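A.B. asks: Mind looking over this structure? Questions follow.
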Amino acid sequence: GENVEQHPSTLSVQEGDSAVIKCTYSDSASNYFPWYKQELGKRPQLIIDIRSNVGEKKDQRIAVTLNKTAKHFSLHITETQPEDSAVYFCAAMFRGGADGLTFGKGTHLIIQP
Amino acid sequence: NAGVTQTPKFRILKIGQSMTLQCTQDMNHNYMYWYRQDPGMGLKLIYYSVGAGITDKGEVPNGYNVSRSTTEDFPLRLELAAPSQTSVYFCASHVGGENIQYFGAGTRLSVL
């Protein structure tokens, strides 16, 4: 089955700086890669996603890049704000989504004022 | 349009008790999923269904059962609760041809 590795487990950045979270996946058949933000006690919230036929996608301060050859994708958050503090999860989906998502273990992002 | 609704929100079980976690969606999604999230970890897939009458095991199915008699409902059954099943359970759904999964608010279960 699919395996998703996520790094780092904790990331502390100064407010206004950029944050980068990296994930690798094992199954080359995976074709959909979402990123979720989860606040304490809440459900995962989709913040951005990318499909395997696209190399980069941006939505305001958030961007995701995908390198299919290396089986690697990354989340970039620019101009970080206190409300960006949360746990972020990457995930991968394959076989048309029938088998669900495989999640990384999460990154606790801390924005220092 | 309520989306994905899970009940109950919280539950405490004694070892050996049984219970059913309810999940219903009103978006006419054919794909539905159950995940569990242990403290400090990502979500792991328990069971999934691609339509009414069709279910299959995910990564961590032991100790659980599911059924899918209607498109809307996908209950998760714990027959003999064990402390290892203490977790937060999320139900999710999506429509075929679209990958975006919609999550319920979760059920926090403690087995003591």
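Here, A, B, ... name the chains of the structure tokens in the order displayed, residue numbers run from 1 inside each chain, and ligands are numbered from 1 in the same displayed order.
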Could you pull the residues within 9 Å of Leu75 (chain A), counting only C-alpha atoms, minus those fewer than 2 positions along the same chain, as a ChimeraX atom specification?
C.D. replies: /A:19-23,35,48,62-65,73,77,90
A.B. asks: To test your reading of the structure, identify every residue in chain B that backbone DSSP assigns to strand (DSSP E or B), and report it as a VMD selection string.
C.D. replies: chain B and resid 4 to 7 10 to 13 19 to 25 31 to 37 43 to 51 54 to 57 64 to 66 73 76 to 78 87 to 94 102 to 103 107 to 111
A.B. asks: For chain A, work out the contacting residues on chain B at 9 Å, counting only C-alpha atoms, and write them as a PDB file with C-alpha atoms, in the first residue's frame.
C.D. replies:
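What landed in iface_30.pdb:
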ATOM      1  CA  TYR B  31     -17.799   7.065  -1.682  1.00  0.00           C
ATOM      2  CA  MET B  32     -17.661   7.001   2.128  1.00  0.00           C
ATOM      3  CA  TYR B  33     -14.804   6.357   4.565  1.00  0.00           C
ATOM      4  CA  GLY B  40      -0.364  13.174  17.651  1.00  0.00           C
ATOM      5  CA  MET B  41      -0.840  11.050  14.544  1.00  0.00           C
ATOM      6  CA  GLY B  42      -2.341  11.280  11.104  1.00  0.00           C
ATOM      7  CA  LEU B  43      -5.594   9.638  10.121  1.00  0.00           C
ATOM      8  CA  LYS B  44      -5.660   5.944   9.254  1.00  0.00           C
ATOM      9  CA  LEU B  45      -8.300   4.315   7.070  1.00  0.00           C
ATOM     10  CA  TYR B  47     -13.120   0.825   6.165  1.00  0.00           C
ATOM     11  CA  TYR B  48     -14.491   2.334   3.011  1.00  0.00           C
ATOM     12  CA  SER B  49     -17.469   1.963   0.694  1.00  0.00           C
ATOM     13  CA  VAL B  50     -17.844   2.837  -2.976  1.00  0.00           C
ATOM     14  CA  ASP B  56     -13.978  -3.043   1.944  1.00  0.00           C
ATOM     15  CA  LYS B  57     -11.215  -3.035   4.520  1.00  0.00           C
ATOM     16  CA  GLY B  58      -8.716  -0.249   4.868  1.00  0.00           C
ATOM     17  CA  GLU B  59      -5.391  -0.196   6.704  1.00  0.00           C
ATOM     18  CA  PHE B  90     -13.803  10.690  11.409  1.00  0.00           C
ATOM     19  CA  HIS B  94     -16.810  12.285  -1.787  1.00  0.00           C
ATOM     20  CA  GLY B  96     -17.136   9.741  -7.794  1.00  0.00           C
ATOM     21  CA  GLY B  97     -14.947  11.655 -10.228  1.00  0.00           C
ATOM     22  CA  GLU B  98     -14.068  14.255  -7.609  1.00  0.00           C
ATOM     23  CA  ASN B  99     -11.268  13.706  -5.100  1.00  0.00           C
ATOM     24  CA  ILE B 100     -12.148  16.277  -2.429  1.00  0.00           C
ATOM     25  CA  GLN B 101     -13.243  14.507   0.733  1.00  0.00           C
ATOM     26  CA  TYR B 102     -15.701  16.116   3.124  1.00  0.00           C
ATOM     27  CA  PHE B 103     -15.164  15.257   6.776  1.00  0.00           C
ATOM     28  CA  GLY B 104     -17.599  14.987   9.638  1.00  0.00           C
ATOM     29  CA  ALA B 105     -16.856  16.695  12.966  1.00  0.00           C
ATOM     30  CA  GLY B 106     -15.612  13.473  14.532  1.00  0.00           C
TER      31      GLY B 106
END
A.B. asks: For Ser67 (chain B), which residue among B:Cys23, B:Pro8, B:Ser84, B:Gly16 is the nearest when counting only C-alpha atoms?
C.D. replies: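 Answer, going by the shortest atom-to-atom distance: B:Cys23.
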A.B. asks: If you measure from CA of Ile111 (chain A) to CA of Lys57 (chain A), what distance in Å do you get, rounded to one decimal?
C.D. replies: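 CA of Ile111 (chain A) sits 23.2 Å away from CA of Lys57 (chain A).
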A.B. asks: Which residues in chain A does DSSP call helix (DSSP H, G or I)? List them as a VMD selection string.
C.D. replies: chain A and resid 82 to 84 95 to 97
A.B. asks: Tell me which protein, DNA and RNA residues are within 10 Å of Tyr89 (chain B), counting only C-alpha atoms, leaving out same-chain ones fewer than 2 positions away, and put them as a list of chain:residue names.
C.D. replies: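 Contacts, in chain order: A:Arg43, B:Gln6, B:Lys9, B:Leu21, B:Trp34, B:Tyr35, B:Arg36, B:Gln37, B:Asp38, B:Leu43, B:Lys44, B:Leu45, B:Ile46, B:Leu76, B:Gln85, B:Thr86, B:Ser87, B:Cys91, B:Gly104, B:Ala105, B:Gly106, B:Thr107, B:Arg108, B:Leu109.
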A.B. asks: In Å, rounded to a single decimal, give me how far CA of Thr7 (chain B) is from CA of Asn30 (chain B).
C.D. replies: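 Separation between CA of Asn30 (chain B) and CA of Thr7 (chain B): 20.0 Å.
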A.B. asks: Within 7 Å of Gln81 (chain A), counting only C-alpha atoms, which residues qualify if same-chain residues fewer than 3 places away don't, as a list in words?
C.D. replies: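 Counting only the stated atoms, we get Glu15, Gly16, Asp84 and Ile111 of chain A.
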A.B. asks: Go ahead and dump the residues you just picked, N, CA, C and O atoms, as a PDB file, in the first residue's frame.
C.D. replies:
ATOM      1  N   GLU A  15       6.561  35.181  12.976  1.00  0.00           N
ATOM      2  CA  GLU A  15       5.446  35.773  12.237  1.00  0.00           C
ATOM      3  C   GLU A  15       5.991  36.606  11.074  1.00  0.00           C
ATOM      4  O   GLU A  15       6.939  37.383  11.234  1.00  0.00           O
ATOM      5  N   GLY A  16       5.422  36.383   9.898  1.00  0.00           N
ATOM      6  CA  GLY A  16       5.864  37.102   8.710  1.00  0.00           C
ATOM      7  C   GLY A  16       6.843  36.311   7.861  1.00  0.00           C
ATOM      8  O   GLY A  16       7.008  36.618   6.663  1.00  0.00           O
ATOM      9  N   ASP A  84      -2.194  30.925  11.426  1.00  0.00           N
ATOM     10  CA  ASP A  84      -1.666  29.774  10.693  1.00  0.00           C
ATOM     11  C   ASP A  84      -1.196  28.665  11.650  1.00  0.00           C
ATOM     12  O   ASP A  84      -0.912  27.549  11.204  1.00  0.00           O
ATOM     13  N   ILE A 111       3.637  29.618  15.072  1.00  0.00           N
ATOM     14  CA  ILE A 111       4.008  30.954  14.596  1.00  0.00           C
ATOM     15  C   ILE A 111       4.346  31.800  15.823  1.00  0.00           C
ATOM     16  O   ILE A 111       3.492  32.086  16.662  1.00  0.00           O
TER      17      ILE A 111
END
A.B. asks: Which value, in Å to one decimal, gives the distance between CA of Thr20 (chain B) and CA of Gly3 (chain B)?
C.D. replies: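 These two atoms are separated by 19.8 Å.
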A.B. asks: Have a look at A:Ile47, A:Leu40, A:Ala86, A:Ala92 and name the one nearest to Thr24 (chain A); count only C-alpha atoms.
C.D. replies: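 Among the listed residues, A:Ala92 lies closest to Thr24 (chain A).
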A.B. asks: Give me, as a list in words, all polymer residues having an atom no more than 12 Å from Ser69 (chain B), counting only C-alpha atoms and skipping those fewer than 2 positions away in the same chain.
C.D. replies: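 Residues near the query, excluding close chain neighbours: Thr24, Asn30, Ser49, Val50, Gly51, Ala52, Gly53, Ile54, Thr55, Val66, Ser67, Thr71, Glu72, Asp73, Phe74 and Pro75 of chain B.
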A.B. asks: In terms of the shortest atom-to-atom distance over only C-alpha atoms, which of A:Leu66, A:His72, A:Gln38, A:Ile50 is closest to Gln6 (chain A)?
C.D. replies: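 Smallest distance to Gln6 (chain A) is found for A:His72.
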